[in-house]
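The next block is upload-v9.cif, given as mmCIF, C-alpha atoms.
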```cif
data_input
#
loop_
_atom_site.group_PDB
_atom_site.id
_atom_site.type_symbol
_atom_site.label_atom_id
_atom_site.label_comp_id
_atom_site.auth_asym_id
_atom_site.auth_seq_id
_atom_site.Cartn_x
_atom_site.Cartn_y
_atom_site.Cartn_z
ATOM 1 C CA MET Y 775 104.110 108.286 163.567
ATOM 2 C CA GLN Y 776 106.932 106.991 161.433
ATOM 3 C CA ARG Y 777 105.997 107.359 157.769
ATOM 4 C CA ALA Y 778 105.872 104.362 155.456
ATOM 5 C CA ARG Y 779 105.481 103.747 151.753
ATOM 6 C CA CYS Y 780 104.065 100.709 149.960
ATOM 7 C CA TYR Y 781 105.055 99.436 146.542
ATOM 8 C CA LEU Y 782 104.738 96.325 144.396
ATOM 9 C CA LEU Y 783 107.589 93.806 144.357
ATOM 10 C CA GLY Y 784 107.417 91.647 141.254
ATOM 11 C CA GLU Y 785 104.005 90.242 140.374
ATOM 12 C CA SER Y 786 102.844 88.814 143.677
ATOM 13 C CA ALA Y 787 104.194 90.822 146.598
ATOM 14 C CA VAL Y 788 103.744 94.186 148.298
ATOM 15 C CA VAL Y 789 106.481 95.829 150.371
ATOM 16 C CA LEU Y 790 105.848 98.255 153.211
ATOM 17 C CA GLU Y 791 109.035 100.210 153.932
ATOM 18 C CA LEU Y 792 109.514 102.621 156.824
ATOM 19 C CA GLU Y 793 111.512 105.801 156.646
ATOM 20 C CA PRO Y 794 114.628 105.934 158.865
ATOM 21 C CA PRO Y 795 115.560 105.891 161.628
ATOM 22 C CA LEU Y 796 115.499 102.315 162.843
ATOM 23 C CA SER Y 797 113.997 101.901 166.313
ATOM 24 C CA LEU Y 798 112.806 99.121 168.595
ATOM 25 C CA GLU Y 799 109.361 100.750 168.857
ATOM 26 C CA SER Y 800 108.926 100.661 165.069
ATOM 27 C CA GLN Y 801 110.145 97.082 164.936
ATOM 28 C CA GLN Y 802 107.623 96.096 167.599
ATOM 29 C CA ARG Y 803 104.877 97.642 165.452
ATOM 30 C CA ILE Y 804 106.191 95.619 162.498
ATOM 31 C CA TRP Y 805 105.838 92.454 164.622
ATOM 32 C CA GLY Y 806 102.266 93.464 165.462
ATOM 33 C CA LEU Y 807 101.383 94.140 161.827
ATOM 34 C CA THR Y 808 103.004 90.847 160.807
ATOM 35 C CA GLN Y 809 100.702 88.960 163.159
ATOM 36 C CA ARG Y 810 97.634 90.740 161.762
ATOM 37 C CA LEU Y 811 98.649 90.087 158.159
ATOM 38 C CA LEU Y 812 99.206 86.376 158.849
ATOM 39 C CA GLU Y 813 95.526 86.138 159.760
ATOM 40 C CA ALA Y 814 94.350 87.748 156.498
ATOM 41 C CA PRO Y 815 92.916 85.144 154.049
ATOM 42 C CA SER Y 816 94.273 87.048 151.037
ATOM 43 C CA VAL Y 817 97.872 86.731 152.301
ATOM 44 C CA SER Y 818 99.966 83.619 151.679
ATOM 45 C CA GLU Y 819 103.215 84.709 153.349
ATOM 46 C CA VAL Y 820 104.586 87.576 155.456
ATOM 47 C CA ILE Y 821 108.326 88.258 155.658
ATOM 48 C CA PRO Y 822 109.238 90.840 158.320
ATOM 49 C CA GLY Y 823 112.541 92.629 157.851
ATOM 50 C CA MET Y 824 114.311 95.513 159.515
ATOM 51 C CA ASN Y 825 112.095 98.573 158.979
ATOM 52 C CA ASN Y 826 110.081 96.725 156.310
ATOM 53 C CA ILE Y 827 107.588 93.929 155.625
ATOM 54 C CA THR Y 828 107.132 91.921 152.437
ATOM 55 C CA VAL Y 829 103.621 90.523 151.932
ATOM 56 C CA VAL Y 830 102.984 87.776 149.374
ATOM 57 C CA LEU Y 831 99.395 87.796 148.068
ATOM 58 C CA ARG Y 832 97.340 84.765 147.057
ATOM 59 C CA GLU Y 833 95.691 86.500 144.099
ATOM 60 C CA PRO Y 834 98.054 89.338 143.176
ATOM 61 C CA GLN Y 835 96.390 90.302 139.892
ATOM 62 C CA SER Y 836 93.116 91.224 141.557
ATOM 63 C CA LEU Y 837 94.373 92.205 145.012
ATOM 64 C CA ALA Y 838 97.654 94.082 144.473
ATOM 65 C CA LEU Y 839 96.354 97.662 144.450
ATOM 66 C CA ASP Y 840 93.806 96.932 147.169
ATOM 67 C CA GLY Y 841 96.594 95.255 149.132
ATOM 68 C CA ILE Y 842 98.770 98.385 149.003
ATOM 69 C CA GLU Y 843 95.933 100.533 150.337
ATOM 70 C CA ARG Y 844 94.978 98.036 153.042
ATOM 71 C CA ILE Y 845 98.521 97.408 154.289
ATOM 72 C CA GLN Y 846 99.183 101.144 154.400
ATOM 73 C CA ARG Y 847 96.031 101.647 156.454
ATOM 74 C CA TRP Y 848 96.817 98.737 158.761
ATOM 75 C CA TRP Y 849 100.270 100.157 159.415
ATOM 76 C CA GLU Y 850 98.697 103.442 160.484
ATOM 77 C CA GLU Y 851 96.402 101.495 162.837
ATOM 78 C CA SER Y 852 99.084 99.077 164.059
ATOM 79 C CA GLU Y 853 100.178 98.781 167.664
ATOM 80 C CA ALA Y 854 103.419 97.568 169.128
ATOM 81 C CA MET Y 855 103.612 93.852 169.860
ATOM 82 C CA ILE Y 856 105.996 92.950 172.660
ATOM 83 C CA PRO Y 857 106.532 89.176 172.487
ATOM 84 C CA ALA Y 858 107.561 87.028 175.414
ATOM 85 C CA SER Y 859 111.334 87.159 175.221
ATOM 86 C CA ARG Y 860 114.353 85.520 176.773
ATOM 87 C CA CYS Y 861 117.855 86.743 177.508
ATOM 88 C CA VAL Y 862 120.186 84.329 175.727
ATOM 89 C CA GLU Y 863 123.872 84.253 176.623
ATOM 90 C CA ILE Y 864 126.186 83.334 173.762
ATOM 91 C CA PRO Y 865 129.670 82.092 174.803
ATOM 92 C CA VAL Y 866 132.296 83.398 172.373
ATOM 93 C CA ILE Y 867 135.994 82.784 171.875
ATOM 94 C CA TYR Y 868 137.300 86.058 170.483
ATOM 95 C CA GLY Y 869 140.306 86.454 168.197
ATOM 96 C CA GLY Y 870 142.912 84.014 166.930
ATOM 97 C CA SER Y 871 141.702 81.437 164.446
ATOM 98 C CA HIS Y 872 138.178 81.898 165.832
ATOM 99 C CA GLY Y 873 138.146 85.641 165.072
ATOM 100 C CA PRO Y 874 140.576 86.352 162.235
ATOM 101 C CA ASP Y 875 139.308 89.917 161.669
ATOM 102 C CA LEU Y 876 139.408 91.081 165.296
ATOM 103 C CA ALA Y 877 142.688 92.978 164.921
ATOM 104 C CA GLU Y 878 141.473 94.628 161.708
ATOM 105 C CA VAL Y 879 138.262 95.765 163.415
ATOM 106 C CA ALA Y 880 140.295 97.173 166.309
ATOM 107 C CA GLU Y 881 142.551 99.091 163.927
ATOM 108 C CA HIS Y 882 139.607 100.467 161.954
ATOM 109 C CA CYS Y 883 137.862 101.617 165.140
ATOM 110 C CA GLY Y 884 140.996 103.059 166.749
ATOM 111 C CA LEU Y 885 140.687 100.661 169.677
ATOM 112 C CA THR Y 886 142.745 97.888 171.198
ATOM 113 C CA VAL Y 887 141.667 94.291 170.686
ATOM 114 C CA SER Y 888 140.696 94.099 174.360
ATOM 115 C CA GLN Y 889 138.532 97.210 174.033
ATOM 116 C CA VAL Y 890 136.681 95.731 171.036
ATOM 117 C CA VAL Y 891 135.956 92.551 173.000
ATOM 118 C CA GLU Y 892 134.910 94.546 176.057
ATOM 119 C CA GLN Y 893 132.524 96.796 174.119
ATOM 120 C CA HIS Y 894 131.095 93.978 171.988
ATOM 121 C CA SER Y 895 130.357 91.810 175.019
ATOM 122 C CA ALA Y 896 129.095 94.667 177.223
ATOM 123 C CA ALA Y 897 126.085 95.500 175.053
ATOM 124 C CA GLN Y 898 122.632 93.941 175.240
ATOM 125 C CA TYR Y 899 121.321 93.202 171.749
ATOM 126 C CA VAL Y 900 117.752 92.732 170.525
ATOM 127 C CA VAL Y 901 116.789 90.238 167.806
ATOM 128 C CA TYR Y 902 114.893 92.279 165.209
ATOM 129 C CA PHE Y 903 114.266 89.513 162.686
ATOM 130 C CA LEU Y 904 115.646 86.262 161.234
ATOM 131 C CA GLY Y 905 116.887 86.103 157.657
ATOM 132 C CA PHE Y 906 119.721 85.369 155.223
ATOM 133 C CA GLN Y 907 120.053 81.839 156.662
ATOM 134 C CA PRO Y 908 117.756 79.759 158.868
ATOM 135 C CA GLY Y 909 118.346 81.044 162.386
ATOM 136 C CA PHE Y 910 120.498 84.028 161.379
ATOM 137 C CA ALA Y 911 119.457 86.778 163.794
ATOM 138 C CA TYR Y 912 119.839 90.431 162.873
ATOM 139 C CA LEU Y 913 120.808 92.094 166.132
ATOM 140 C CA ALA Y 914 120.391 95.768 167.019
ATOM 141 C CA GLY Y 915 122.486 97.409 169.713
ATOM 142 C CA LEU Y 916 126.053 97.439 168.388
ATOM 143 C CA ALA Y 917 128.072 100.284 169.912
ATOM 144 C CA PRO Y 918 128.623 103.072 167.338
ATOM 145 C CA THR Y 919 132.342 102.866 168.109
ATOM 146 C CA LEU Y 920 132.420 99.313 166.672
ATOM 147 C CA VAL Y 921 130.747 100.059 163.333
ATOM 148 C CA THR Y 922 132.997 98.514 160.662
ATOM 149 C CA PRO Y 923 132.417 98.060 156.914
ATOM 150 C CA ARG Y 924 132.069 94.559 155.524
ATOM 151 C CA ARG Y 925 135.133 92.979 153.971
ATOM 152 C CA ALA Y 926 136.027 94.247 150.506
ATOM 153 C CA GLU Y 927 136.398 90.626 149.408
ATOM 154 C CA PRO Y 928 133.961 88.158 151.035
ATOM 155 C CA ARG Y 929 135.262 84.819 152.242
ATOM 156 C CA LEU Y 930 134.313 81.760 150.239
ATOM 157 C CA MET Y 931 133.429 79.961 153.471
ATOM 158 C CA VAL Y 932 132.688 81.262 156.958
ATOM 159 C CA PRO Y 933 132.440 78.521 159.637
ATOM 160 C CA ALA Y 934 129.183 77.916 161.482
ATOM 161 C CA GLY Y 935 129.066 79.770 164.782
ATOM 162 C CA SER Y 936 131.204 82.670 163.550
ATOM 163 C CA VAL Y 937 130.401 85.986 165.241
ATOM 164 C CA GLY Y 938 130.816 88.966 162.960
ATOM 165 C CA ILE Y 939 130.314 92.682 162.466
ATOM 166 C CA GLY Y 940 128.825 94.003 159.244
ATOM 167 C CA GLY Y 941 128.379 97.770 159.191
ATOM 168 C CA SER Y 942 126.265 98.771 162.193
ATOM 169 C CA GLN Y 943 125.112 95.231 162.985
ATOM 170 C CA THR Y 944 126.515 92.161 164.614
ATOM 171 C CA GLY Y 945 125.366 88.577 164.144
ATOM 172 C CA ILE Y 946 126.180 84.879 164.205
ATOM 173 C CA TYR Y 947 126.418 82.584 161.194
ATOM 174 C CA PRO Y 948 124.254 79.499 161.981
ATOM 175 C CA LEU Y 949 125.662 77.501 159.053
ATOM 176 C CA ALA Y 950 128.904 77.447 157.099
ATOM 177 C CA THR Y 951 128.468 79.774 154.132
ATOM 178 C CA PRO Y 952 130.238 82.412 152.054
ATOM 179 C CA GLY Y 953 130.124 85.769 153.828
ATOM 180 C CA GLY Y 954 131.572 89.233 153.999
ATOM 181 C CA TRP Y 955 131.163 90.226 157.639
ATOM 182 C CA GLN Y 956 134.235 90.908 159.788
ATOM 183 C CA ILE Y 957 134.692 87.764 161.904
ATOM 184 C CA ILE Y 958 135.749 88.577 165.464
ATOM 185 C CA GLY Y 959 134.926 85.344 167.297
ATOM 186 C CA GLN Y 960 133.107 82.028 167.333
ATOM 187 C CA THR Y 961 130.550 80.208 169.472
ATOM 188 C CA SER Y 962 129.960 76.497 169.844
ATOM 189 C CA LEU Y 963 126.202 76.967 170.303
ATOM 190 C CA LYS Y 964 123.962 75.703 167.517
ATOM 191 C CA LEU Y 965 121.817 78.513 166.151
ATOM 192 C CA PHE Y 966 119.798 76.214 163.880
ATOM 193 C CA ASN Y 967 118.821 72.576 164.348
ATOM 194 C CA PRO Y 968 116.191 71.376 161.832
ATOM 195 C CA ALA Y 969 115.554 68.226 163.874
ATOM 196 C CA ALA Y 970 114.604 70.144 167.023
ATOM 197 C CA GLU Y 971 111.022 71.004 167.982
ATOM 198 C CA LYS Y 972 112.109 74.659 167.948
ATOM 199 C CA PRO Y 973 114.675 74.758 165.113
ATOM 200 C CA THR Y 974 116.090 78.233 165.798
ATOM 201 C CA LEU Y 975 117.852 79.197 169.017
ATOM 202 C CA LEU Y 976 116.817 82.849 168.736
ATOM 203 C CA THR Y 977 113.480 84.471 167.906
ATOM 204 C CA PRO Y 978 112.457 88.109 167.309
ATOM 205 C CA GLY Y 979 112.250 90.023 170.573
ATOM 206 C CA ASP Y 980 114.905 87.963 172.375
ATOM 207 C CA THR Y 981 117.824 89.796 173.941
ATOM 208 C CA VAL Y 982 121.376 88.522 173.475
ATOM 209 C CA ARG Y 983 124.561 88.926 175.501
ATOM 210 C CA PHE Y 984 127.949 87.729 174.282
ATOM 211 C CA VAL Y 985 130.113 86.163 177.004
ATOM 212 C CA PRO Y 986 133.882 86.021 176.330
ATOM 213 C CA GLN Y 987 135.419 82.578 176.839
ATOM 214 C CA LYS Y 988 138.963 81.281 176.840
ATOM 215 C CA GLU Y 989 139.874 78.792 174.137
ATOM 216 C CA GLY Y 990 138.855 75.303 175.144
ATOM 217 C CA VAL Y 991 135.972 76.576 177.314
ATOM 218 C CA CYS Y 992 133.418 77.614 174.654
#
```
As structure tokens:
Amino acid sequence: MQRARCYLLGESAVVLELEPPLSLESQQRIWGLTQRLLEAPSVSEVIPGMNNITVVLREPQSLALDGIERIQRWWEESEAMIPASRCVEIPVIYGGSHGPDLAEVAEHCGLTVSQVVEQHSAAQYVVYFLGFQPGFAYLAGLAPTLVTPRRAEPRLMVPAGSVGIGGSQTGIYPLATPGGWQIIGQTSLKLFNPAAEKPTLLTPGDTVRFVPQKEGVC
């Protein structure tokens, strides 16, 4: 079993953090533990991350130490939760004004631009969790050959729908925001719509495929 450690975060939260490596099986156990914690009356909020969970307690002064022991034990007892998932295709226009960092990524990886697009769109990604922005999905499954450091100087504004690479992950910016990921393309799909019954397009457990489009088609 993958080892984990628990520690206090501030005055009201407990963090359970798994040792590397990152794996889908461990993430599925995190989803299962998240569901169990949400049902605990002493817990006010659960924030699943990648290889970690943050648990906000209702009465931290009296429950913090007990919470650490209980969460640690529950992790050891936890089982994988495999949610009903969908395969979501994301149309992407790669390069040009839609992907200003595509050539830089290709140069860093020792690939041609076409090879970057081919490898990025050939993979099947899994949504591990949502964070950073509403609807921002952290995707696992990027080819090791495409791993690229974040920009040394983040952009002051990244357009909504931008598809980027940041280290060993790829993702899509749901909203316009400052950001430091390498932008290789853009989609016209809305990742977050607060007026919709289901505000986020993607949910943990979904699989994602990027589909290259010609400009004017996306």
Scan for residues within 7 Å of the point (117.5, 84.9, 172.4) in the coordinates of the file, using all atoms listed in the file, and reply as a VMD selection string. chain Y and resid 860 to 862 975 to 977 980 to 982
What does the distance from atom CA of Trp805 of chain Y to atom CA of Ala917 of chain Y come to in Å, to one decimal? 24.2 Å
The PyMOL selection byres ((chain Y and resi 902) around 12) on the file shown: which residues, as a PyMOL selection string? chain Y and resi 796-805+822-826+856-857+859+899-901+903-905+910-915+943-945+976-982
Using the selection just defined, write its residues with C-alpha atoms as a PDB file, in the frame of the given file.
```pdb
ATOM      1  CA  LEU Y 796     115.499 102.315 162.843  1.00  0.00           C
ATOM      2  CA  SER Y 797     113.997 101.901 166.313  1.00  0.00           C
ATOM      3  CA  LEU Y 798     112.806  99.121 168.595  1.00  0.00           C
ATOM      4  CA  GLU Y 799     109.361 100.750 168.857  1.00  0.00           C
ATOM      5  CA  SER Y 800     108.926 100.661 165.069  1.00  0.00           C
ATOM      6  CA  GLN Y 801     110.145  97.082 164.936  1.00  0.00           C
ATOM      7  CA  GLN Y 802     107.623  96.096 167.599  1.00  0.00           C
ATOM      8  CA  ARG Y 803     104.877  97.642 165.452  1.00  0.00           C
ATOM      9  CA  ILE Y 804     106.191  95.619 162.498  1.00  0.00           C
ATOM     10  CA  TRP Y 805     105.838  92.454 164.622  1.00  0.00           C
ATOM     11  CA  PRO Y 822     109.238  90.840 158.320  1.00  0.00           C
ATOM     12  CA  GLY Y 823     112.541  92.629 157.851  1.00  0.00           C
ATOM     13  CA  MET Y 824     114.311  95.513 159.515  1.00  0.00           C
ATOM     14  CA  ASN Y 825     112.095  98.573 158.979  1.00  0.00           C
ATOM     15  CA  ASN Y 826     110.081  96.725 156.310  1.00  0.00           C
ATOM     16  CA  ILE Y 856     105.996  92.950 172.660  1.00  0.00           C
ATOM     17  CA  PRO Y 857     106.532  89.176 172.487  1.00  0.00           C
ATOM     18  CA  SER Y 859     111.334  87.159 175.221  1.00  0.00           C
ATOM     19  CA  TYR Y 899     121.321  93.202 171.749  1.00  0.00           C
ATOM     20  CA  VAL Y 900     117.752  92.732 170.525  1.00  0.00           C
ATOM     21  CA  VAL Y 901     116.789  90.238 167.806  1.00  0.00           C
ATOM     22  CA  PHE Y 903     114.266  89.513 162.686  1.00  0.00           C
ATOM     23  CA  LEU Y 904     115.646  86.262 161.234  1.00  0.00           C
ATOM     24  CA  GLY Y 905     116.887  86.103 157.657  1.00  0.00           C
ATOM     25  CA  PHE Y 910     120.498  84.028 161.379  1.00  0.00           C
ATOM     26  CA  ALA Y 911     119.457  86.778 163.794  1.00  0.00           C
ATOM     27  CA  TYR Y 912     119.839  90.431 162.873  1.00  0.00           C
ATOM     28  CA  LEU Y 913     120.808  92.094 166.132  1.00  0.00           C
ATOM     29  CA  ALA Y 914     120.391  95.768 167.019  1.00  0.00           C
ATOM     30  CA  GLY Y 915     122.486  97.409 169.713  1.00  0.00           C
ATOM     31  CA  GLN Y 943     125.112  95.231 162.985  1.00  0.00           C
ATOM     32  CA  THR Y 944     126.515  92.161 164.614  1.00  0.00           C
ATOM     33  CA  GLY Y 945     125.366  88.577 164.144  1.00  0.00           C
ATOM     34  CA  LEU Y 976     116.817  82.849 168.736  1.00  0.00           C
ATOM     35  CA  THR Y 977     113.480  84.471 167.906  1.00  0.00           C
ATOM     36  CA  PRO Y 978     112.457  88.109 167.309  1.00  0.00           C
ATOM     37  CA  GLY Y 979     112.250  90.023 170.573  1.00  0.00           C
ATOM     38  CA  ASP Y 980     114.905  87.963 172.375  1.00  0.00           C
ATOM     39  CA  THR Y 981     117.824  89.796 173.941  1.00  0.00           C
ATOM     40  CA  VAL Y 982     121.376  88.522 173.475  1.00  0.00           C
TER      41      VAL Y 982
END
```
On this structure, the PyMOL selection byres ((chain Y and resi 872) around 8) would catch which residues? List them as a list in words, sorted by chain and number.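 This file, filtered by the PyMOL selection byres ((chain Y and resi 872) around 8), leaves Ile867, Tyr868, Gly869, Gly870, Ser871, Gly873, Pro874, Ser936, Ile957, Ile958, Gly959 and Gln960 of chain Y.
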Requested write-out: C-alpha atoms of the selected residues, as a compact mmCIF listing (two decimals), in the frame of the given file:
```txt
# COMPACT_ATOMS: atom_id res chain seq x y z
CA ILE Y 867 135.99 82.78 171.88
CA TYR Y 868 137.30 86.06 170.48
CA GLY Y 869 140.31 86.45 168.20
CA GLY Y 870 142.91 84.01 166.93
CA SER Y 871 141.70 81.44 164.45
CA GLY Y 873 138.15 85.64 165.07
CA PRO Y 874 140.58 86.35 162.24
CA SER Y 936 131.20 82.67 163.55
CA ILE Y 957 134.69 87.76 161.90
CA ILE Y 958 135.75 88.58 165.46
CA GLY Y 959 134.93 85.34 167.30
CA GLN Y 960 133.11 82.03 167.33
```
Explicit residues for the PyMOL selection byres ((chain Y and resi 864) around 9) (as an NGL selection string): :Y and (862-863 or 865-866 or 961-963 or 982-986)
Selection from above, C-alpha atoms, as a CSV table (one decimal), in the frame of the given file, can you write it?
```
chain,number,residue,atom,x,y,z
Y,862,VAL,CA,120.2,84.3,175.7
Y,863,GLU,CA,123.9,84.3,176.6
Y,865,PRO,CA,129.7,82.1,174.8
Y,866,VAL,CA,132.3,83.4,172.4
Y,961,THR,CA,130.6,80.2,169.5
Y,962,SER,CA,130.0,76.5,169.8
Y,963,LEU,CA,126.2,77.0,170.3
Y,982,VAL,CA,121.4,88.5,173.5
Y,983,ARG,CA,124.6,88.9,175.5
Y,984,PHE,CA,127.9,87.7,174.3
Y,985,VAL,CA,130.1,86.2,177.0
Y,986,PRO,CA,133.9,86.0,176.3
```
Show me the residues close to (118.3, 74.3, 167.8) - anything with an atom within 12 Å, counting all atoms listed in the file - and format the list as a PyMOL selection string. chain Y and resi 908-910+948-949+963-977
Using atom CA of His894 of chain Y and atom CA of Asp875 of chain Y as the two end points, give the distance in Å to one decimal.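 Taking atom CA of His894 of chain Y as the start and atom CA of Asp875 of chain Y as the end point, the length is 13.8 Å.
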Which of these residues is nearest to Pro815 of chain Y, using all atoms listed in the file: Y:Gln776, Y:Glu785, Y:Gly841, Y:Leu790?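 For Pro815 of chain Y, the nearest of the candidates is Y:Gly841.
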What separation in Å, quoted to one decimal, exists between atom CA of Lys988 of chain Y and atom CA of Ser888 of chain Y?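 Separation between atom CA of Lys988 of chain Y and atom CA of Ser888 of chain Y: 13.2 Å.
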Could you pull the residues within 10 Å of Trp955 of chain Y, counting all atoms listed in the file, minus those fewer than 3 positions along the same chain, as a ChimeraX atom specification? /Y:875,922-929,932,936-941,943-947,952,958
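Between Leu783 of chain Y and the residues Y:Leu812, Y:Ile842, Y:Val817, Y:Leu885, the shortest atom-to-atom distance, using all atoms listed in the file, involves Y:Ile842.
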Any idea what's packed within 12 Å of Cys780 of chain Y, counting only C-alpha atoms, ignoring anything in its chain fewer than 2 positions away? Could you give it as a PDB file with C-alpha atoms, in the coordinates of the input?
```pdb
ATOM      1  CA  ARG Y 777     105.997 107.359 157.769  1.00  0.00           C
ATOM      2  CA  ALA Y 778     105.872 104.362 155.456  1.00  0.00           C
ATOM      3  CA  LEU Y 782     104.738  96.325 144.396  1.00  0.00           C
ATOM      4  CA  LEU Y 783     107.589  93.806 144.357  1.00  0.00           C
ATOM      5  CA  ALA Y 787     104.194  90.822 146.598  1.00  0.00           C
ATOM      6  CA  VAL Y 788     103.744  94.186 148.298  1.00  0.00           C
ATOM      7  CA  VAL Y 789     106.481  95.829 150.371  1.00  0.00           C
ATOM      8  CA  LEU Y 790     105.848  98.255 153.211  1.00  0.00           C
ATOM      9  CA  GLU Y 791     109.035 100.210 153.932  1.00  0.00           C
ATOM     10  CA  LEU Y 792     109.514 102.621 156.824  1.00  0.00           C
ATOM     11  CA  GLU Y 793     111.512 105.801 156.646  1.00  0.00           C
ATOM     12  CA  ASN Y 826     110.081  96.725 156.310  1.00  0.00           C
ATOM     13  CA  ILE Y 827     107.588  93.929 155.625  1.00  0.00           C
ATOM     14  CA  THR Y 828     107.132  91.921 152.437  1.00  0.00           C
ATOM     15  CA  VAL Y 829     103.621  90.523 151.932  1.00  0.00           C
ATOM     16  CA  ALA Y 838      97.654  94.082 144.473  1.00  0.00           C
ATOM     17  CA  LEU Y 839      96.354  97.662 144.450  1.00  0.00           C
ATOM     18  CA  ASP Y 840      93.806  96.932 147.169  1.00  0.00           C
ATOM     19  CA  GLY Y 841      96.594  95.255 149.132  1.00  0.00           C
ATOM     20  CA  ILE Y 842      98.770  98.385 149.003  1.00  0.00           C
ATOM     21  CA  GLU Y 843      95.933 100.533 150.337  1.00  0.00           C
ATOM     22  CA  ARG Y 844      94.978  98.036 153.042  1.00  0.00           C
ATOM     23  CA  ILE Y 845      98.521  97.408 154.289  1.00  0.00           C
ATOM     24  CA  GLN Y 846      99.183 101.144 154.400  1.00  0.00           C
ATOM     25  CA  ARG Y 847      96.031 101.647 156.454  1.00  0.00           C
ATOM     26  CA  TRP Y 848      96.817  98.737 158.761  1.00  0.00           C
ATOM     27  CA  TRP Y 849     100.270 100.157 159.415  1.00  0.00           C
TER      28      TRP Y 849
END
```
Missing atoms in segment 922-938 of chain Y: fill them in up to N, CA and C atoms and send the result as a short mmCIF file (atom, residue, chain, number, x, y, z; two decimals), in the coordinates of the input.
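Okay, out.cif is ready:
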```
data_model
loop_
_atom_site.label_atom_id
_atom_site.label_comp_id
_atom_site.auth_asym_id
_atom_site.auth_seq_id
_atom_site.Cartn_x
_atom_site.Cartn_y
_atom_site.Cartn_z
N THR Y 922 131.89 98.84 161.57
CA THR Y 922 133.00 98.51 160.66
C THR Y 922 132.43 98.02 159.34
N PRO Y 923 132.92 98.53 158.22
CA PRO Y 923 132.42 98.06 156.91
C PRO Y 923 132.66 96.57 156.72
N ARG Y 924 131.84 95.96 155.89
CA ARG Y 924 132.07 94.56 155.52
C ARG Y 924 133.38 94.44 154.76
N ARG Y 925 133.88 93.23 154.68
CA ARG Y 925 135.13 92.98 153.97
C ARG Y 925 135.00 93.34 152.49
N ALA Y 926 136.05 93.90 151.93
CA ALA Y 926 136.03 94.25 150.51
C ALA Y 926 135.90 93.00 149.65
N GLU Y 927 136.47 91.90 150.12
CA GLU Y 927 136.40 90.63 149.41
C GLU Y 927 135.82 89.57 150.34
N PRO Y 928 134.57 89.16 150.15
CA PRO Y 928 133.96 88.16 151.04
C PRO Y 928 134.75 86.84 151.03
N ARG Y 929 134.65 86.15 152.16
CA ARG Y 929 135.26 84.82 152.24
C ARG Y 929 134.39 83.81 151.50
N LEU Y 930 135.06 82.81 150.93
CA LEU Y 930 134.31 81.76 150.24
C LEU Y 930 133.58 80.87 151.23
N MET Y 931 134.10 80.79 152.48
CA MET Y 931 133.43 79.96 153.47
C MET Y 931 133.69 80.51 154.86
N VAL Y 932 132.63 80.82 155.57
CA VAL Y 932 132.69 81.26 156.96
C VAL Y 932 132.15 80.12 157.82
N PRO Y 933 132.90 79.66 158.83
CA PRO Y 933 132.44 78.52 159.64
C PRO Y 933 131.16 78.81 160.41
N ALA Y 934 130.38 77.78 160.64
CA ALA Y 934 129.18 77.92 161.48
C ALA Y 934 129.60 78.38 162.87
N GLY Y 935 128.78 79.25 163.45
CA GLY Y 935 129.07 79.77 164.78
C GLY Y 935 129.92 81.01 164.79
N SER Y 936 130.36 81.47 163.62
CA SER Y 936 131.20 82.67 163.55
C SER Y 936 130.40 83.91 163.95
N VAL Y 937 131.01 84.74 164.79
CA VAL Y 937 130.40 85.99 165.24
C VAL Y 937 131.06 87.12 164.47
N GLY Y 938 130.25 87.94 163.82
CA GLY Y 938 130.82 88.97 162.96
C GLY Y 938 130.18 90.33 163.13
#
```
